[in-house]
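A short worksheet on the structure shown next.
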Amino acid sequence: MSQADLTMEGHAHAPGITTGIPPFSIPAKKMAMWLFIIADTATFAACLVAYGFIRNATPAWPHPFHGITNVALMTFVLITSSLTMLQGVRAAAGGGKSAALRWTFATAALGSVFALLHVREWLGLISEGMTLFHNPWGTGLFGASFFSITGLHLTHVTAGVIALIVVGVRYNSGRYKADDLEILGLYWHFVDLVWMFVVPMVYLLNLSH
Amino acid sequence: MATGGEQRTNGVGKDLAIYVCILALAALQFAIAYQHIDATQMFVRMLIVALVEAGLALLFFMHLWTEKRALMWLTGVLTVFVLLAMQYGWTDSYRILNGVPWAK
């Protein structure tokens with residue numbers, strides 16, 4: 001139960017605009033994050049559906065990925081970063097400020113490792129001749145869709161890493177509270193969640209056997 | 001009654017269990033990629049695994065399970081509606097690839 005829930009227990013009225021109790025009994029910032037997550041789900045879903053549509057309508061779709069080592073490592077790092085984020089939020093809720101900061105920075109470090117692995121993979125593909133509109137394996141649409149989807153995800157990860165550092169520092173200085181860390185945690189887990197769909201669609205279905 | 005410390009330990013244990021489950025499911029996706037099955041079957045299997053992974057992350061990592069049920073319904077219904085609304089174009093993608101069977 002969140003802190004907002006605890007403060008709501010004394011009220012007899014149902015949540016609503018006239019009572020002054022926030023909808024769903026959660027803080028406005030948290031509600032905003034949930035609404036952002038719903039909207040961002042639609043954005044990623046639109047990208048993945050468009051990708052599926054293009055792939056389905058293209059007879060000779062490229063299968064450029066020879067191995068899974070890099071993407072498996074990226075997946076492991078990102079899922080592990082969700083665990084460290086959870087521990088950070090848990091430590092902050094329990095009042096352990098230094099532990100919360102350590103876990104938050106560990107999450108940011110893992111996010112950075114993920115981003116570096118991602119950039120390394122991009123550079124590998126670019127060195128093989130893949131660009132936004134051209135690749136040596138077939139339809140140029142592959143590069144456009146691959147870089148769009150993974151680029152959008154990488155942008156989210158990069159923004160998340162910056163946010164983790166900023167919120168972590170401000171939480172340490174007392175400007176932000178444990179709730180703010182929890183809200184950022186929602187975003188980070190969402191980025192992890194999206195990756196679970198990007199991996200099979202963009203990587204695993206395009207393995208060259 | 002569990003103390004705060006015990007509750008935290010139990011919570012960490014649950015987090016670890018969910019983390020291991022999600023890792024195992026991710027590994028399963030990679031294993032499916034090496035099965036000798038057609039692309040449609042592969043896609044369906046991977047999508048099912050991804051949905052289970054996402055469900056675990058939503059309910060336990062993002063704590064949707066412990067929020068008000070109304071929030072779970074709001075996020076669930078809105079998301080599912082948007083996802084379903086995006087599926088209208090698939091027949092057209094098949095038409096582009098295979099022609100228009102009903103026009104023959």
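Within each chain, counting starts at residue 1; across the structure tokens, chains are named A, B, ... in the order shown, with ligands numbered 1 upward in that order.
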
What's around Cys21 (chain B) at 10 Å? Count only C-alpha atoms, leave out sequence neighbours fewer than 4 positions away in its own chain, and write the answer as a PDB file with C-alpha atoms, in the first residue's frame.
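Okay, this is what ended up in selection-v3.pdb:
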```pdb
ATOM      1  CA  ASP B  15      11.361  -9.879  -6.083  1.00  0.00           C
ATOM      2  CA  LEU B  16      14.100 -12.433  -6.690  1.00  0.00           C
ATOM      3  CA  ALA B  17      11.573 -15.169  -7.491  1.00  0.00           C
ATOM      4  CA  LEU B  25      10.889 -16.858 -19.711  1.00  0.00           C
ATOM      5  CA  ALA B  26      13.350 -14.670 -21.635  1.00  0.00           C
ATOM      6  CA  ALA B  27      15.594 -17.723 -22.022  1.00  0.00           C
ATOM      7  CA  VAL B  52       3.401 -13.666 -19.563  1.00  0.00           C
ATOM      8  CA  GLU B  53       6.692 -11.813 -18.911  1.00  0.00           C
ATOM      9  CA  LEU B  56       4.619 -10.542 -14.267  1.00  0.00           C
TER      10      LEU B  56
END
```

Selection: 9 Å around Val194 (chain A), only C-alpha atoms, excl. self and same-chain fewer than 2 positions, as a JSON list (two decimals) with C-alpha atoms, in the first residue's frame:
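The new file selection-v1.json reads:
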```
[["chain", "number", "residue", "atom", "x", "y", "z"],
["A", 41, "THR", "CA", 2.45, 1.55, -24.86],
["A", 44, "PHE", "CA", 5.55, 1.24, -29.15],
["A", 153, "HIS", "CA", 13.78, 2.17, -27.15],
["A", 189, "HIS", "CA", 10.15, -1.23, -15.48],
["A", 190, "PHE", "CA", 8.08, -0.13, -18.47],
["A", 191, "VAL", "CA", 11.26, 0.28, -20.56],
["A", 192, "ASP", "CA", 12.21, -3.26, -19.51],
["A", 196, "MET", "CA", 10.42, -8.17, -23.93],
["A", 197, "PHE", "CA", 8.41, -7.52, -27.11],
["A", 198, "VAL", "CA", 11.18, -5.86, -29.14],
["A", 199, "VAL", "CA", 13.56, -8.82, -28.73],
["B", 54, "ALA", "CA", 4.97, -8.45, -19.30]]
```

*Tell me, in Å to one decimal, how far CA of Ser98 (chain A) is from CA of Met33 (chain A).*
25.2 Å

List every residue of chain B that has an atom at most 9 Å from any atom of chain A, and for each one report the closest atom pair and its distance in Å to one decimal, counting only C-alpha atoms, with rows sorted by chain and then by increasing residue number, as a Markdown table.
```
| residue | atom | partner | partner_atom | distance |
| --- | --- | --- | --- | --- |
| B:Gly4 | CA | A:Gly94 | CA | 8.2 |
| B:Arg8 | CA | A:Arg90 | CA | 7.6 |
| B:Gly11 | CA | A:Arg90 | CA | 8.4 |
| B:Val12 | CA | A:Gln87 | CA | 7.4 |
| B:Asp15 | CA | A:Leu83 | CA | 7.0 |
| B:Leu16 | CA | A:Leu83 | CA | 7.5 |
| B:Tyr19 | CA | A:Leu83 | CA | 6.6 |
| B:Ile22 | CA | A:Ile79 | CA | 7.8 |
| B:Leu23 | CA | A:Phe76 | CA | 7.2 |
| B:Ala26 | CA | A:Met196 | CA | 7.5 |
| B:Ala27 | CA | A:Ala72 | CA | 8.2 |
| B:Gln29 | CA | A:Pro200 | CA | 7.0 |
| B:Phe30 | CA | A:Leu204 | CA | 7.0 |
| B:Ile32 | CA | A:Leu204 | CA | 8.7 |
| B:Ala33 | CA | A:Leu204 | CA | 5.7 |
| B:Tyr34 | CA | A:His209 | CA | 7.9 |
| B:Ala39 | CA | A:Leu205 | CA | 7.3 |
| B:Met42 | CA | A:Leu205 | CA | 7.7 |
| B:Phe43 | CA | A:Leu205 | CA | 7.3 |
| B:Met46 | CA | A:Pro200 | CA | 6.3 |
| B:Leu47 | CA | A:Phe197 | CA | 7.4 |
| B:Val49 | CA | A:Met196 | CA | 9.0 |
| B:Ala50 | CA | A:Met196 | CA | 5.7 |
| B:Leu51 | CA | A:Phe197 | CA | 8.2 |
| B:Glu53 | CA | A:Met196 | CA | 7.2 |
| B:Ala54 | CA | A:Leu193 | CA | 5.5 |
| B:Gly55 | CA | A:Leu193 | CA | 8.9 |
| B:Ala57 | CA | A:Leu193 | CA | 6.7 |
| B:Leu58 | CA | A:Leu193 | CA | 8.0 |
| B:Phe61 | CA | A:His189 | CA | 6.8 |
| B:Met62 | CA | A:Leu186 | CA | 5.6 |
| B:His63 | CA | A:Leu186 | CA | 8.7 |
| B:Thr66 | CA | A:Met1 | CA | 6.4 |
| B:Glu67 | CA | A:Met1 | CA | 7.0 |
| B:Lys68 | CA | A:Phe24 | CA | 6.1 |
| B:Arg69 | CA | A:Phe24 | CA | 8.4 |
| B:Ala70 | CA | A:Phe24 | CA | 6.4 |
| B:Leu71 | CA | A:Phe24 | CA | 6.0 |
| B:Thr75 | CA | A:Ile38 | CA | 6.6 |
| B:Leu78 | CA | A:Ile38 | CA | 7.4 |
| B:Thr79 | CA | A:Ile38 | CA | 6.3 |
| B:Val82 | CA | A:Ala42 | CA | 6.5 |
| B:Leu83 | CA | A:Ala45 | CA | 6.8 |
| B:Met86 | CA | A:Ala46 | CA | 7.0 |
| B:Gln87 | CA | A:Val49 | CA | 7.6 |
| B:Gly89 | CA | A:Phe53 | CA | 7.4 |
| B:Trp90 | CA | A:Phe53 | CA | 6.4 |
| B:Asp92 | CA | A:Ala57 | CA | 8.4 |
| B:Ser93 | CA | A:Ala57 | CA | 4.8 |
| B:Tyr94 | CA | A:Ala57 | CA | 6.2 |
| B:Arg95 | CA | A:Ala57 | CA | 8.0 |
| B:Ile96 | CA | A:Ala57 | CA | 5.7 |
| B:Leu97 | CA | A:Ala57 | CA | 4.9 |
| B:Asn98 | CA | A:Ala57 | CA | 8.5 |
```

*Please measure the separation of CA of Ala109 (chain A) and CA of Asp180 (chain A), giving the value in Å to one decimal.*
19.3 Å

_I'd like the contact shell of Lys97 (chain A) - 10 Å cut-off, only C-alpha atoms, skipping same-chain residues fewer than 2 positions apart - returned as number ranges by chain._
A: 88, 91-95, 99-102, 168, 171-174, 177-178

Go ahead and save the picked residues with all heavy atoms, as a CSV table (one decimal), in the first residue's frame.
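Final file, out31.csv:
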```csv
chain,number,residue,atom,x,y,z
A,88,GLY,N,16.0,-0.5,-4.9
A,88,GLY,CA,16.2,0.9,-4.6
A,88,GLY,C,14.9,1.5,-4.1
A,88,GLY,O,14.9,2.3,-3.1
A,91,ALA,N,14.3,0.1,-0.6
A,91,ALA,CA,15.1,0.7,0.4
A,91,ALA,C,14.6,2.1,0.7
A,91,ALA,O,14.6,2.5,1.9
A,91,ALA,CB,16.6,0.8,-0.1
A,92,ALA,N,14.2,2.9,-0.3
A,92,ALA,CA,13.7,4.2,-0.1
A,92,ALA,C,12.4,4.2,0.7
A,92,ALA,O,12.3,5.0,1.7
A,92,ALA,CB,13.5,4.9,-1.4
A,93,ALA,N,11.6,3.3,0.5
A,93,ALA,CA,10.3,3.2,1.2
A,93,ALA,C,10.6,2.8,2.7
A,93,ALA,O,9.8,3.2,3.6
A,93,ALA,CB,9.4,2.1,0.6
A,94,GLY,N,11.7,2.1,2.9
A,94,GLY,CA,12.1,1.7,4.3
A,94,GLY,C,12.9,2.7,5.0
A,94,GLY,O,13.3,2.5,6.1
A,95,GLY,N,13.2,3.8,4.3
A,95,GLY,CA,14.0,4.9,4.9
A,95,GLY,C,15.5,4.8,4.8
A,95,GLY,O,16.2,5.6,5.3
A,99,ALA,N,21.2,3.2,0.9
A,99,ALA,CA,21.0,2.0,0.1
A,99,ALA,C,20.2,2.3,-1.1
A,99,ALA,O,20.5,1.8,-2.2
A,99,ALA,CB,20.3,1.0,1.0
A,100,ALA,N,19.2,3.2,-0.9
A,100,ALA,CA,18.3,3.5,-2.1
A,100,ALA,C,19.2,4.2,-3.2
A,100,ALA,O,19.0,3.9,-4.4
A,100,ALA,CB,17.2,4.5,-1.6
A,101,LEU,N,20.1,5.1,-2.7
A,101,LEU,CA,20.9,5.8,-3.7
A,101,LEU,C,21.9,4.8,-4.4
A,101,LEU,O,22.0,4.9,-5.6
A,101,LEU,CB,21.7,6.8,-3.0
A,101,LEU,CG,22.5,7.8,-3.9
A,101,LEU,CD1,21.4,8.7,-4.6
A,101,LEU,CD2,23.4,8.7,-3.0
A,102,ARG,N,22.4,3.9,-3.6
A,102,ARG,CA,23.3,2.9,-4.2
A,102,ARG,C,22.6,2.0,-5.3
A,102,ARG,O,23.1,1.8,-6.4
A,102,ARG,CB,23.9,1.9,-3.2
A,102,ARG,CG,25.1,2.4,-2.5
A,102,ARG,CD,25.9,1.3,-1.8
A,102,ARG,NE,25.1,0.5,-0.9
A,102,ARG,CZ,24.8,0.8,0.4
A,102,ARG,NH1,25.4,1.9,0.9
A,102,ARG,NH2,24.1,0.0,1.2
A,168,GLY,N,18.1,10.5,-8.3
A,168,GLY,CA,18.9,9.9,-7.3
A,168,GLY,C,19.6,11.0,-6.5
A,168,GLY,O,19.6,11.0,-5.2
A,171,TYR,N,17.1,13.1,-4.6
A,171,TYR,CA,16.5,12.3,-3.5
A,171,TYR,C,17.5,12.3,-2.3
A,171,TYR,O,17.2,12.5,-1.1
A,171,TYR,CB,16.3,10.9,-3.9
A,171,TYR,CG,16.0,9.9,-2.8
A,171,TYR,CD1,14.7,10.0,-2.1
A,171,TYR,CD2,16.9,9.0,-2.3
A,171,TYR,CE1,14.5,9.1,-1.0
A,171,TYR,CE2,16.7,8.2,-1.3
A,171,TYR,CZ,15.4,8.2,-0.6
A,171,TYR,OH,15.2,7.4,0.4
A,172,ASN,N,18.8,12.2,-2.7
A,172,ASN,CA,19.9,12.2,-1.6
A,172,ASN,C,19.9,13.6,-0.9
A,172,ASN,O,20.2,13.7,0.3
A,172,ASN,CB,21.2,11.9,-2.3
A,172,ASN,CG,22.3,11.6,-1.3
A,172,ASN,OD1,22.0,10.9,-0.3
A,172,ASN,ND2,23.5,12.1,-1.4
A,173,SER,N,19.7,14.7,-1.7
A,173,SER,CA,19.8,16.0,-1.1
A,173,SER,C,18.5,16.4,-0.4
A,173,SER,O,18.4,17.5,0.2
A,173,SER,CB,20.1,17.0,-2.2
A,173,SER,OG,19.0,17.2,-3.1
A,174,GLY,N,17.5,15.6,-0.5
A,174,GLY,CA,16.2,15.8,0.2
A,174,GLY,C,15.2,16.6,-0.6
A,174,GLY,O,14.1,16.8,-0.1
A,177,LYS,N,11.3,12.8,-2.8
A,177,LYS,CA,11.0,11.8,-1.8
A,177,LYS,C,11.0,10.4,-2.3
A,177,LYS,O,11.2,10.2,-3.5
A,177,LYS,CB,9.6,12.2,-1.2
A,177,LYS,CG,9.6,13.5,-0.4
A,177,LYS,CD,8.2,13.8,0.1
A,177,LYS,CE,7.3,14.3,-1.0
A,177,LYS,NZ,6.0,14.8,-0.5
A,178,ALA,N,10.7,9.5,-1.4
A,178,ALA,CA,10.7,8.0,-1.9
A,178,ALA,C,9.7,7.8,-3.0
A,178,ALA,O,9.9,7.0,-3.9
A,178,ALA,CB,10.5,7.2,-0.7
```
